[in-house]
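J.: For reference, this is entry_30.cif, and it has mmCIF, C-alpha atoms.
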data_structure
#
loop_
_atom_site.label_atom_id
_atom_site.label_comp_id
_atom_site.auth_asym_id
_atom_site.auth_seq_id
_atom_site.Cartn_x
_atom_site.Cartn_y
_atom_site.Cartn_z
CA MET A 6 -16.53 9.32 23.54
CA VAL A 7 -13.87 11.02 21.39
CA LEU A 8 -11.29 10.48 24.11
CA LYS A 9 -12.06 6.75 24.25
CA GLU A 10 -11.93 6.43 20.47
CA ARG A 11 -8.52 8.09 20.44
CA TYR A 12 -7.23 5.22 22.57
CA ILE A 13 -8.85 2.73 20.21
CA LEU A 14 -6.87 4.28 17.36
CA TYR A 15 -3.67 4.05 19.41
CA LEU A 16 -4.44 0.39 20.12
CA TYR A 17 -5.09 -0.19 16.42
CA PHE A 18 -1.69 1.23 15.51
CA LEU A 19 -0.02 -0.83 18.23
CA LEU A 20 -1.62 -4.05 17.02
CA TRP A 21 -0.52 -3.35 13.45
CA PHE A 22 3.04 -2.65 14.58
CA LEU A 23 3.08 -5.91 16.55
CA TYR A 24 1.72 -7.80 13.58
CA GLU A 25 4.38 -6.33 11.28
CA LEU A 26 7.06 -7.46 13.77
CA GLN A 27 6.08 -11.13 13.63
CA GLY A 28 9.11 -13.14 12.64
CA VAL A 29 11.36 -10.54 14.26
CA PHE A 30 10.55 -11.06 17.97
CA TRP A 31 8.41 -14.20 17.72
CA THR A 32 7.65 -16.93 15.22
CA ALA A 33 5.34 -15.86 12.43
CA GLY A 34 1.98 -17.57 12.32
CA ASN A 35 1.85 -18.64 15.98
CA SER A 36 -1.12 -18.21 18.34
CA LEU A 37 -0.10 -14.64 19.26
CA SER A 38 -0.10 -13.62 15.60
CA LEU A 39 -3.51 -15.24 15.20
CA VAL A 40 -4.95 -13.29 18.12
CA ILE A 41 -3.50 -10.03 16.78
CA ILE A 42 -4.81 -10.45 13.23
CA LEU A 43 -8.26 -11.53 14.47
CA SER A 44 -8.38 -8.45 16.70
CA LEU A 45 -7.34 -6.19 13.82
CA THR A 46 -9.92 -7.73 11.49
CA ALA A 47 -12.65 -7.36 14.12
CA ILE A 48 -11.82 -3.69 14.70
CA SER A 49 -11.62 -3.00 10.96
CA LEU A 50 -14.94 -4.74 10.29
CA PHE A 51 -16.59 -2.82 13.13
CA TYR A 52 -15.56 0.53 11.66
CA ALA A 53 -16.38 -0.59 8.12
CA VAL A 54 -19.94 -1.23 9.29
CA LYS A 55 -19.95 2.01 11.29
CA VAL A 56 -18.88 4.06 8.26
CA ASN A 57 -21.60 2.53 6.12
CA LEU A 58 -24.35 2.99 8.72
CA GLN A 59 -23.64 6.64 9.49
CA GLY A 60 -26.05 9.31 8.35
CA GLY A 61 -25.25 11.64 5.49
CA GLN A 62 -23.97 11.06 1.99
CA ARG A 63 -21.27 8.42 1.55
CA LEU A 64 -18.24 8.98 -0.62
CA GLN A 65 -18.44 7.32 -4.01
CA PHE A 66 -15.04 5.81 -3.23
CA ILE A 67 -16.49 4.05 -0.18
CA ASN A 68 -19.32 2.64 -2.30
CA ALA A 69 -16.79 1.30 -4.82
CA LEU A 70 -14.70 -0.16 -2.00
CA ASN A 71 -17.84 -1.85 -0.60
CA LEU A 72 -18.54 -3.51 -3.94
CA LEU A 73 -14.98 -4.77 -4.28
CA LEU A 74 -15.00 -6.27 -0.79
CA ILE A 75 -18.37 -7.95 -1.31
CA MET A 76 -17.09 -9.52 -4.53
CA PHE A 77 -13.83 -10.71 -2.97
CA THR A 78 -15.67 -12.07 0.07
CA LEU A 79 -18.08 -14.14 -2.03
CA TYR A 80 -15.27 -15.55 -4.17
CA GLY A 81 -13.15 -16.17 -1.06
CA ILE A 82 -15.92 -18.12 0.67
CA VAL A 83 -16.38 -20.32 -2.39
CA TYR A 84 -12.61 -20.83 -2.49
CA ILE A 85 -12.54 -21.93 1.16
CA ILE A 86 -15.39 -24.38 0.57
CA GLU A 87 -13.80 -25.87 -2.56
CA GLY A 88 -10.29 -26.07 -1.10
CA PRO A 89 -6.85 -25.27 -2.58
CA ARG A 90 -6.55 -25.27 -6.37
CA ALA A 91 -2.82 -25.75 -6.76
CA THR A 92 0.54 -25.14 -5.18
CA LEU A 93 2.63 -22.00 -5.48
CA GLY A 94 6.15 -23.29 -5.87
CA VAL A 95 6.60 -25.73 -2.97
CA THR A 96 4.25 -23.92 -0.57
CA GLN A 97 0.64 -25.03 -0.35
CA SER A 98 -1.71 -22.12 -0.93
CA LYS A 99 -4.18 -22.09 1.99
CA PRO A 100 -7.61 -20.86 0.86
CA TYR A 101 -8.21 -18.61 3.86
CA ASN A 102 -5.03 -16.68 3.06
CA TYR A 103 -6.82 -15.22 0.04
CA LEU A 104 -9.38 -13.36 2.15
CA LYS A 105 -6.82 -12.62 4.82
CA ALA A 106 -4.66 -10.71 2.32
CA ILE A 107 -7.67 -8.82 0.93
CA TYR A 108 -8.99 -7.85 4.37
CA ASN A 109 -5.54 -6.81 5.65
CA SER A 110 -5.16 -4.64 2.57
CA LEU A 111 -8.54 -2.92 2.18
CA LEU A 112 -10.42 -2.98 5.51
CA PRO A 113 -8.06 -0.56 7.34
CA ILE A 114 -9.11 2.17 4.89
CA TYR A 115 -12.51 2.33 6.62
CA THR A 116 -10.95 2.56 10.06
CA PHE A 117 -8.54 5.36 9.22
CA TYR A 118 -11.21 7.16 7.23
CA TYR A 119 -13.55 7.07 10.23
CA PHE A 120 -10.93 8.46 12.60
CA SER A 121 -9.94 11.10 10.07
CA ARG A 122 -13.56 12.26 9.83
CA LYS A 123 -13.65 12.47 13.62
CA LYS A 124 -10.43 14.54 13.48
CA ILE A 125 -8.73 12.04 15.78
CA LEU A 126 -6.38 11.00 12.99
CA ASN A 127 -5.08 14.47 12.24
CA HIS A 128 -1.96 16.26 11.07
CA SER A 129 -0.55 16.55 14.58
CA LEU A 130 -0.84 12.81 15.24
CA LEU A 131 0.65 11.92 11.86
CA THR A 132 3.74 14.07 12.48
CA ARG A 133 4.30 12.19 15.77
CA ILE A 134 3.68 8.70 14.44
CA GLY A 135 5.48 9.22 11.12
CA PRO A 136 8.95 8.35 12.52
CA LEU A 137 7.51 5.07 13.85
CA PHE A 138 6.38 4.20 10.33
CA PHE A 139 9.96 4.62 9.13
CA VAL A 140 11.31 2.48 11.98
CA MET A 141 8.82 -0.30 11.25
CA VAL A 142 9.66 -0.44 7.55
CA VAL A 143 13.41 -0.47 8.22
CA VAL A 144 13.03 -3.27 10.79
CA SER A 145 11.02 -5.33 8.28
CA TYR A 146 13.61 -4.62 5.59
CA TRP A 147 16.55 -5.79 7.68
CA HIS A 148 14.63 -8.81 8.90
CA PHE A 149 14.19 -9.86 5.27
CA GLU A 150 17.92 -9.34 4.71
CA GLU A 151 18.74 -11.49 7.75
CA VAL A 152 16.52 -14.27 6.41
CA ARG A 153 18.24 -14.04 3.04
CA SER A 154 21.66 -14.10 4.73
CA GLY A 155 20.63 -17.21 6.67
CA MET A 156 19.59 -18.91 3.43
CA GLN A 157 23.00 -18.08 1.92
CA MET A 158 24.82 -19.58 4.89
CA ARG A 159 22.64 -22.70 4.74
CA ASP A 160 22.99 -23.23 0.99
CA GLY A 161 26.56 -21.99 0.71
CA ALA A 162 25.70 -19.86 -2.32
CA PRO A 163 24.35 -16.34 -2.95
CA VAL A 164 20.56 -16.05 -2.82
CA ASP A 165 19.51 -13.62 -5.53
CA VAL A 166 16.17 -12.48 -4.15
CA VAL A 167 14.90 -8.91 -4.27
CA ASN A 168 13.62 -7.29 -1.08
CA TYR A 169 9.84 -6.82 -1.35
CA GLU A 170 9.85 -4.27 1.48
CA CYS A 171 10.80 -1.78 -1.24
CA TYR A 172 7.10 -1.25 -1.88
CA ALA A 173 6.55 -0.30 1.77
CA PHE A 174 9.28 2.32 1.38
CA LEU A 175 7.30 3.79 -1.52
CA SER A 176 4.40 4.36 0.89
CA LEU A 177 6.69 6.46 3.07
CA PHE A 178 6.77 9.11 0.34
CA THR A 179 3.19 9.95 1.29
CA VAL A 180 4.06 10.06 5.00
CA LEU A 181 6.77 12.65 4.29
CA THR A 182 4.16 15.12 3.08
CA VAL A 183 3.01 15.78 6.67
CA TYR A 184 6.33 17.59 7.17
CA HIS A 185 5.53 20.04 4.39
CA LYS A 186 6.77 23.00 6.46
CA ARG A 187 10.27 21.54 6.76
CA ALA A 188 11.83 20.92 3.37
CA TRP A 189 15.06 19.59 4.85
CA ILE A 190 13.19 16.78 6.65
CA GLN A 191 11.41 15.88 3.43
CA TYR A 192 14.62 15.72 1.39
CA LEU A 193 16.39 13.76 4.09
CA GLY A 194 13.46 11.36 4.01
CA ILE A 195 13.53 11.12 0.20
CA VAL A 196 17.22 10.24 0.19
CA PHE A 197 16.65 7.73 2.99
CA VAL A 198 13.73 6.08 1.20
CA MET A 199 15.41 5.95 -2.22
CA ALA A 200 18.62 4.54 -0.73
CA PHE A 201 16.74 1.55 0.67
CA ILE A 202 14.73 1.11 -2.53
CA PHE A 203 17.93 0.99 -4.58
CA MET A 204 19.50 -1.49 -2.16
CA GLY A 205 16.35 -3.64 -2.32
CA MET A 206 16.81 -3.91 -6.09
CA LYS A 207 13.11 -4.18 -6.93
CA ARG A 208 13.02 -2.60 -10.38
CA GLY A 209 9.34 -1.63 -10.30
CA ALA A 210 9.82 0.10 -6.96
CA ILE A 211 12.91 1.91 -8.25
CA PHE A 212 11.00 3.20 -11.29
CA VAL A 213 8.08 4.47 -9.19
CA GLY A 214 10.43 5.88 -6.56
CA ILE A 215 12.25 7.95 -9.19
CA LEU A 216 8.92 9.34 -10.42
CA CYS A 217 7.93 10.20 -6.84
CA THR A 218 11.25 11.96 -6.27
CA VAL A 219 10.90 14.05 -9.44
CA TRP A 220 7.31 15.01 -8.63
CA TYR A 221 8.21 15.77 -5.03
CA SER A 222 11.06 18.05 -6.09
CA TYR A 223 8.82 19.83 -8.59
CA GLU A 224 6.11 20.44 -5.98
CA LEU A 225 8.59 21.74 -3.43
CA LEU A 226 10.18 24.04 -5.98
CA LYS A 227 6.80 25.31 -7.16
CA SER A 228 5.54 26.07 -3.65
CA SER A 229 8.72 27.77 -2.38
CA LYS A 230 9.80 31.39 -2.81
CA GLY A 231 12.86 33.49 -2.16
CA TYR A 232 15.59 31.88 -0.06
CA LYS A 233 13.44 28.77 0.40
CA ARG A 234 13.57 28.15 -3.34
CA VAL A 235 17.36 28.37 -3.23
CA LEU A 236 17.33 25.89 -0.34
CA VAL A 237 15.13 23.50 -2.31
CA ILE A 238 17.49 23.70 -5.32
CA LEU A 239 20.50 22.98 -3.09
CA LEU A 240 18.73 20.06 -1.39
CA SER A 241 17.63 18.66 -4.76
CA THR A 242 21.20 18.83 -6.03
CA PHE A 243 22.53 17.12 -2.91
CA ALA A 244 19.91 14.36 -3.15
CA LEU A 245 20.70 13.76 -6.84
CA LEU A 246 24.46 13.60 -6.22
CA PHE A 247 24.14 11.28 -3.24
CA LEU A 248 21.77 8.87 -4.97
CA SER A 249 23.95 8.86 -8.10
CA TYR A 250 26.97 8.00 -5.97
CA LEU A 251 24.99 5.23 -4.25
CA VAL A 252 23.97 3.65 -7.56
CA LEU A 253 27.56 3.74 -8.86
CA HIS A 254 28.79 2.24 -5.60
CA LEU A 255 26.24 -0.58 -5.78
CA LEU A 256 27.16 -1.29 -9.41
CA GLU A 257 30.82 -1.67 -8.39
CA THR A 258 30.37 -3.64 -5.16
CA ASN A 259 27.12 -5.61 -5.48
CA ASP A 260 27.11 -8.39 -8.08
CA PHE A 261 23.35 -8.95 -7.80
CA PHE A 262 22.62 -5.24 -8.30
CA HIS A 263 24.93 -5.17 -11.32
CA LYS A 264 23.20 -8.26 -12.75
CA ARG A 265 19.74 -6.73 -12.26
CA PHE A 266 20.86 -3.45 -13.81
CA GLN A 267 22.38 -5.22 -16.79
CA SER A 268 19.29 -7.37 -17.37
CA THR A 269 17.11 -4.25 -17.25
CA VAL A 270 19.25 -2.53 -19.89
CA GLU A 271 18.98 -5.66 -22.06
CA GLY A 272 15.21 -5.68 -21.71
CA ASN A 273 15.05 -8.81 -19.53
CA THR A 274 11.73 -8.86 -17.65
CA SER A 275 12.51 -11.97 -15.55
CA GLY A 276 9.89 -13.92 -17.45
CA ARG A 277 7.07 -11.45 -16.75
CA ASP A 278 6.31 -11.05 -20.47
CA ILE A 279 5.83 -14.82 -20.84
CA LEU A 280 3.72 -14.92 -17.69
CA PHE A 281 1.53 -12.03 -18.86
CA TYR A 282 1.04 -13.60 -22.27
CA ARG A 283 0.06 -16.93 -20.72
CA PHE A 284 -2.67 -15.38 -18.55
CA PHE A 285 -3.91 -13.13 -21.35
CA TYR A 286 -4.08 -16.05 -23.77
CA TYR A 287 -5.92 -18.19 -21.20
CA TYR A 288 -8.52 -15.51 -20.51
CA ILE A 289 -9.20 -14.72 -24.18
CA TYR A 290 -9.07 -18.20 -25.71
CA ASP A 291 -9.36 -20.88 -23.00
CA THR A 292 -12.36 -19.70 -20.99
CA ASP A 293 -16.03 -20.41 -21.62
CA ALA A 294 -18.70 -17.68 -21.54
CA PHE A 295 -19.29 -18.00 -17.78
CA GLN A 296 -15.56 -17.90 -16.95
CA PHE A 297 -15.08 -14.94 -19.28
CA LEU A 298 -17.80 -12.98 -17.46
CA PHE A 299 -17.28 -14.14 -13.87
CA GLY A 300 -13.80 -15.64 -13.86
CA SER A 301 -12.50 -19.05 -12.84
CA GLY A 302 -12.55 -18.34 -9.10
CA ALA A 303 -10.23 -16.98 -6.42
CA ASN A 304 -6.55 -17.78 -7.03
CA ALA A 305 -7.41 -19.48 -10.34
CA THR A 306 -4.13 -18.08 -11.67
CA LEU A 307 -2.34 -20.74 -9.62
CA SER A 308 -4.10 -23.41 -11.66
CA VAL A 309 -3.21 -21.71 -14.93
CA SER A 310 0.48 -21.13 -14.33
CA TYR A 311 1.37 -22.14 -10.74
CA ASN A 312 2.05 -18.48 -10.08
CA TYR A 313 0.24 -15.23 -9.50
CA ALA A 314 -0.16 -12.86 -12.44
CA HIS A 315 1.90 -10.05 -10.84
CA ASN A 316 -0.60 -7.74 -12.52
CA ASP A 317 -3.92 -6.78 -10.91
CA TRP A 318 -5.79 -6.56 -14.20
CA LEU A 319 -4.76 -10.01 -15.43
CA GLU A 320 -5.27 -11.48 -11.95
CA LEU A 321 -8.81 -10.11 -11.83
CA ALA A 322 -9.56 -11.15 -15.41
CA VAL A 323 -8.63 -14.78 -14.71
CA ASN A 324 -10.15 -14.91 -11.22
CA GLN A 325 -13.25 -12.68 -11.47
CA GLY A 326 -13.63 -12.06 -15.20
CA VAL A 327 -15.43 -9.04 -16.63
CA LEU A 328 -17.20 -8.53 -13.29
CA GLY A 329 -13.90 -8.06 -11.45
CA LEU A 330 -12.43 -5.82 -14.13
CA PHE A 331 -15.53 -3.62 -14.19
CA LEU A 332 -15.62 -3.19 -10.39
CA TYR A 333 -11.88 -2.48 -10.29
CA LEU A 334 -12.21 0.13 -13.03
CA TYR A 335 -15.05 1.72 -11.08
CA PHE A 336 -12.87 1.70 -7.96
CA TRP A 337 -10.11 3.57 -9.77
CA TYR A 338 -12.60 5.97 -11.32
CA THR A 339 -13.78 6.95 -7.83
CA PHE A 340 -10.15 7.13 -6.68
CA PHE A 341 -9.37 9.76 -9.32
CA ARG A 342 -12.65 11.59 -8.67
CA SER A 343 -11.81 11.83 -4.98
CA TRP A 344 -8.48 13.40 -5.89
CA ASN A 345 -10.30 16.15 -7.80
CA SER A 346 -12.23 16.97 -4.61
CA MET A 347 -9.13 17.87 -2.60
CA ASP A 348 -8.27 21.28 -4.01
CA ARG A 349 -8.85 23.01 -0.67
CA ASN A 350 -5.61 21.75 0.86
CA HIS A 351 -2.53 21.67 -1.37
CA TYR A 352 -0.49 19.20 0.64
CA THR A 353 -3.41 16.78 1.11
CA HIS A 354 -4.08 16.97 -2.62
CA PHE A 355 -0.43 16.19 -3.33
CA THR A 356 -0.41 13.31 -0.83
CA PHE A 357 -3.43 11.74 -2.47
CA GLY A 358 -1.87 12.22 -5.90
CA LEU A 359 1.21 10.31 -4.75
CA LEU A 360 -1.03 7.55 -3.40
CA ILE A 361 -2.81 7.26 -6.74
CA MET A 362 0.39 7.21 -8.76
CA ILE A 363 2.13 4.63 -6.55
CA SER A 364 -0.91 2.37 -6.21
CA PHE A 365 -2.02 2.59 -9.83
CA LEU A 366 1.42 1.89 -11.30
CA LYS A 367 1.80 -1.09 -8.97
CA THR A 368 -1.28 -2.69 -10.52
CA PHE A 369 0.72 -3.35 -13.71
CA PHE A 370 3.74 -5.17 -12.24
CA SER A 371 2.79 -6.15 -8.69
CA ARG A 372 -0.36 -6.15 -6.55
CA THR A 373 -2.35 -3.28 -5.09
CA TYR A 374 -5.81 -4.48 -4.05
CA GLY A 375 -4.36 -7.39 -2.05
CA ASP A 376 -1.13 -5.83 -0.83
CA MET A 377 -1.73 -2.31 0.52
CA ASP A 378 0.34 -1.76 3.65
CA ILE A 379 -0.72 0.03 6.82
CA TYR A 380 1.28 3.15 5.93
CA SER A 381 -0.53 3.77 2.64
CA THR A 382 -4.00 2.90 4.01
CA CYS A 383 -3.42 5.27 6.92
CA MET A 384 -2.61 8.17 4.60
CA LEU A 385 -5.41 7.17 2.22
CA GLY A 386 -8.00 7.15 5.00
CA TYR A 387 -6.68 10.43 6.34
CA CYS A 388 -6.94 12.16 2.95
CA LEU A 389 -10.42 10.77 2.28
CA GLY A 390 -11.56 12.19 5.60
CA THR A 391 -10.90 15.70 4.35
CA ILE A 392 -13.46 15.51 1.52
CA GLN A 393 -16.45 13.84 3.15
CA PRO A 394 -19.66 15.94 2.83
CA LYS A 395 -20.31 18.12 5.87
CA ASN A 396 -23.50 16.37 6.92
CA ALA A 397 -21.79 12.97 7.24
CA PHE A 398 -21.41 11.60 10.77
CA SER A 399 -23.30 14.59 12.16
CA SER A 400 -25.59 12.33 14.17
CA ASP A 401 -22.56 10.83 15.89
CA PHE A 402 -21.56 13.96 17.79
CA SER A 403 -22.94 15.35 21.01
CA PRO A 404 -22.28 19.02 21.88
CA GLU A 405 -19.53 17.90 24.27
CA GLU A 406 -17.92 15.79 21.55
CA GLU A 407 -18.04 18.69 19.11
CA THR A 408 -15.84 20.64 21.51
CA CYS A 409 -13.38 17.75 21.77
CA VAL A 410 -13.31 17.27 18.01
CA ALA A 411 -12.66 20.96 17.43
CA GLN A 412 -9.54 20.66 19.58
CA ASN A 413 -8.25 17.89 17.32
CA ARG A 414 -8.73 19.68 14.01
CA VAL A 415 -5.92 20.06 11.57
CA GLU A 416 -3.95 23.22 12.11
#
Can you turn what I pasted into structure tokens?

T.:
Amino acid sequence: MVLKERYILYLYFLLWFLYELQGVFWTAGNSLSLVIILSLTAISLFYAVKVNLQGGQRLQFINALNLLLIMFTLYGIVYIIEGPRATLGVTQSKPYNYLKAIYNSLLPIYTFYYFSRKKILNHSLLTRIGPLFFVMVVVSYWHFEEVRSGMQMRDGAPVDVVNYECYAFLSLFTVLTVYHKRAWIQYLGIVFVMAFIFMGMKRGAIFVGILCTVWYSYELLKSSKGYKRVLVILLSTFALLFLSYLVLHLLETNDFFHKRFQSTVEGNTSGRDILFYRFFYYYIYDTDAFQFLFGSGANATLSVSYNYAHNDWLELAVNQGVLGLFLYLYFWYTFFRSWNSMDRNHYTHFTFGLLIMISFLKTFFSRTYGDMDIYSTCMLGYCLGTIQPKNAFSSDFSPEEETCVAQNRVE
């Protein structure tokens, strides 16, 4: 049984990699992409049900995740029945895309959590699959750059668009923690990740990436002794010098980077302050009692401003009202509580802390609940699997499986 489930996990990774490559090797949104995403959703739903039906005490985080998904599903169904509310720019917003984004973002947590509890998703597997995560993100990054280059050639003018794959690079910070016994690999990875984040010019990602780098360096310095501490200091110095040189080089050679840097210094938020005010004003003054409590419906922000809120809290306030805000607060409460339960393993505790910081900060200038990538959900599910009560899933193992599971335990 454990052996078969290991192959299911491999298939799950493969399907996600293929899905992330749509647009690179085949046209996005074709029948193959549809088959892949339906297969992924089916597998994720199966393990979501399996996690919830297992014996033993469930994590409070899983209960909060259940409530969020139930809420989003109900609002998404109503949205599909009612039809599209408005257009986002020149692209029609298809109602089913709302639930698709939510399911792609949150459902994989159950799957990876299940396999982590079974010790199939373990430290050894993560060290082997980690390089593939890096390859996938880089491929997606350069595909975006090729699309932007094609737009420039077509229009005959520079296309000043930031690369949203920067947020996927932030997730790779958590993947680097599996190499906690090799500081040089971690610092090489940090420099690699931050270089792409700087080149992507997404200011929110740059800010969070700098915080991750500082925290990472502090943790490595704190946990090292003797000559290893000297090595960490040298690697930190090298990383700082290289990234400083890269930023200066981009300021001198990249007009768009220079423009973004200058607008940041001047306090230009690219209209985010106006957008935030518009949604806040709408929620406080333009809603009736029912809308205030339960929101105006899925993607209602598109009707208010023909744009998303770029802020989870405002998005939920407009769409799901007090109900959505309360459930999201509860979700984050259980997120932080889960972190406090991971003191037994320092590197897992640190990984989960990075996940919280990256995901929580994103809620204020981007999206988290509808935009978690496979790299962060994999590490999130893995970390959660280390704190589940001992009696959970016990009914799922036969004596033979117990032997197989023991062989897959984290070293």

J.: Excluding Gly300 in chain A and residues on its chain fewer than 4 positions from it, collect all residues at most 8 Å away from it, counting only C-alpha atoms, and give them as a list of chain:residue names.

T.: A:Phe295, A:Gln296, A:Leu321, A:Ala322, A:Val323, A:Asn324, A:Gln325, A:Gly326, A:Val327, A:Leu328, A:Gly329

J.: Each residue of range 12-62 of chain A with at least one atom at most 9 Å from range 98-117 of chain A should appear once, together with its nearest atom pair and the corresponding distance in Å (one decimal); atoms considered: only C-alpha atoms; ordering: chain, then increasing residue number; output as CSV.

T.:
residue,atom,partner,partner_atom,distance
A:Leu14,CA,A:Phe117,CA,8.4
A:Ile42,CA,A:Asn109,CA,8.4
A:Leu45,CA,A:Asn109,CA,8.4
A:Thr46,CA,A:Tyr108,CA,7.2
A:Ile48,CA,A:Thr116,CA,7.8
A:Ser49,CA,A:Leu112,CA,5.6
A:Leu50,CA,A:Leu112,CA,6.8
A:Phe51,CA,A:Thr116,CA,8.4
A:Tyr52,CA,A:Thr116,CA,5.3
A:Ala53,CA,A:Tyr115,CA,5.1
A:Val54,CA,A:Tyr115,CA,8.7
A:Lys55,CA,A:Tyr115,CA,8.8
A:Val56,CA,A:Tyr115,CA,6.8

J.: Could you write out the selected residues, including C-alpha atoms, as an mmCIF file, in the frame of the given file?

T.:
data_model
loop_
_atom_site.group_PDB
_atom_site.id
_atom_site.type_symbol
_atom_site.label_atom_id
_atom_site.label_comp_id
_atom_site.auth_asym_id
_atom_site.auth_seq_id
_atom_site.Cartn_x
_atom_site.Cartn_y
_atom_site.Cartn_z
ATOM 1 C CA LEU A 14 -6.870 4.280 17.360
ATOM 2 C CA ILE A 42 -4.810 -10.450 13.230
ATOM 3 C CA LEU A 45 -7.340 -6.190 13.820
ATOM 4 C CA THR A 46 -9.920 -7.730 11.490
ATOM 5 C CA ILE A 48 -11.820 -3.690 14.700
ATOM 6 C CA SER A 49 -11.620 -3.000 10.960
ATOM 7 C CA LEU A 50 -14.940 -4.740 10.290
ATOM 8 C CA PHE A 51 -16.590 -2.820 13.130
ATOM 9 C CA TYR A 52 -15.560 0.530 11.660
ATOM 10 C CA ALA A 53 -16.380 -0.590 8.120
ATOM 11 C CA VAL A 54 -19.940 -1.230 9.290
ATOM 12 C CA LYS A 55 -19.950 2.010 11.290
ATOM 13 C CA VAL A 56 -18.880 4.060 8.260
#

J.: Hey, can you check how far CA of Ser371 in chain A sits from CA of Asp317 in chain A?

T.: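 Separation between CA of Ser371 in chain A and CA of Asp317 in chain A: 7.1 Å.
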
J.: To test your reading of the syntax: which residues would the PyMOL selection byres ((chain A and resi 341-345) around 9) return for the file shown? Reply as a list in words.

T.: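 Selected by the PyMOL selection byres ((chain A and resi 341-345) around 9) here: Leu64, Gln65, Phe66, Phe336, Trp337, Tyr338, Thr339, Phe340, Ser346, Met347, Asp348, His354, Phe355, Phe357, Gly358, Ile361, Leu389 and Ile392 of chain A.
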
J.: I need the residue nearest Glu25 in chain A from this list: A:Arg234, A:His315, A:His351, A:His148. Use all atoms listed in the file for the distance.

T.: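 Among the listed residues, the smallest separation from Glu25 in chain A belongs to A:His148.
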
J.: For Arg277 in chain A, list every protein, DNA or RNA residue within 10 Å, evaluated using only C-alpha atoms, and leave out those in the same chain fewer than 6 positions away; present the list as a ChimeraX atom specification.

T.: /A:283,314-316,370

J.: Could you check the closest approach to Arg133 in chain A for each of A:Leu177, A:Met377, A:Val183, A:Leu385 and tell me which residue wins, using all atoms listed in the file?

T.: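 Of A:Leu177, A:Met377, A:Val183, A:Leu385, the one nearest Arg133 in chain A is A:Val183, counting all atoms listed in the file.
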
J.: In terms of the shortest atom-to-atom distance over all atoms listed in the file, which of A:Cys217, A:Leu175, A:Gly61, A:Phe120 is closest to Tyr12 in chain A?

T.: A:Phe120

J.: Suppose you want the space between CA of Phe178 in chain A and CA of Leu26 in chain A; what is it in Å?

T.: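 Result for CA of Phe178 in chain A versus CA of Leu26 in chain A: 21.3 Å, one decimal.
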
J.: Taking the file as shown, what set of residues would the PyMOL selection byres ((chain A and resi 185-202) around 9) give back, as a PyMOL selection string?

T.: chain A and resi 139+143+146+168+170-172+174-175+177-178+181-184+203-208+210-211+214-215+218+221-222+225+233+236-237+240-241+244-245+247-248+251-252+352

J.: Pick out the closest residue to Cys383 in chain A from this set: A:Leu256, A:Leu126, A:Ile75, A:Val83. Count all atoms listed in the file.

T.: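 Counting all atoms listed in the file, the residue closest to Cys383 in chain A is A:Leu126.
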
J.: Can you tell me how far CA of Thr368 in chain A sits from CA of Ser310 in chain A, in Å to one decimal?

T.: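 Interatomic distance here is 18.9 Å.
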
J.: Identify, on the basis of only C-alpha atoms, every residue whose closest approach to Met141 in chain A does not exceed 12 Å; exclude the query and any residue fewer than 4 positions from it along the same chain; express the result as a list in words.

T.: Phe18, Leu19, Trp21, Phe22, Leu23, Tyr24, Glu25, Leu26, Gln27, Val29, Ile134, Gly135, Pro136, Leu137, Ser145, Tyr146, Trp147, His148, Glu170, Ala173, Phe174, Leu177, Asp378, Ile379 and Tyr380 of chain A
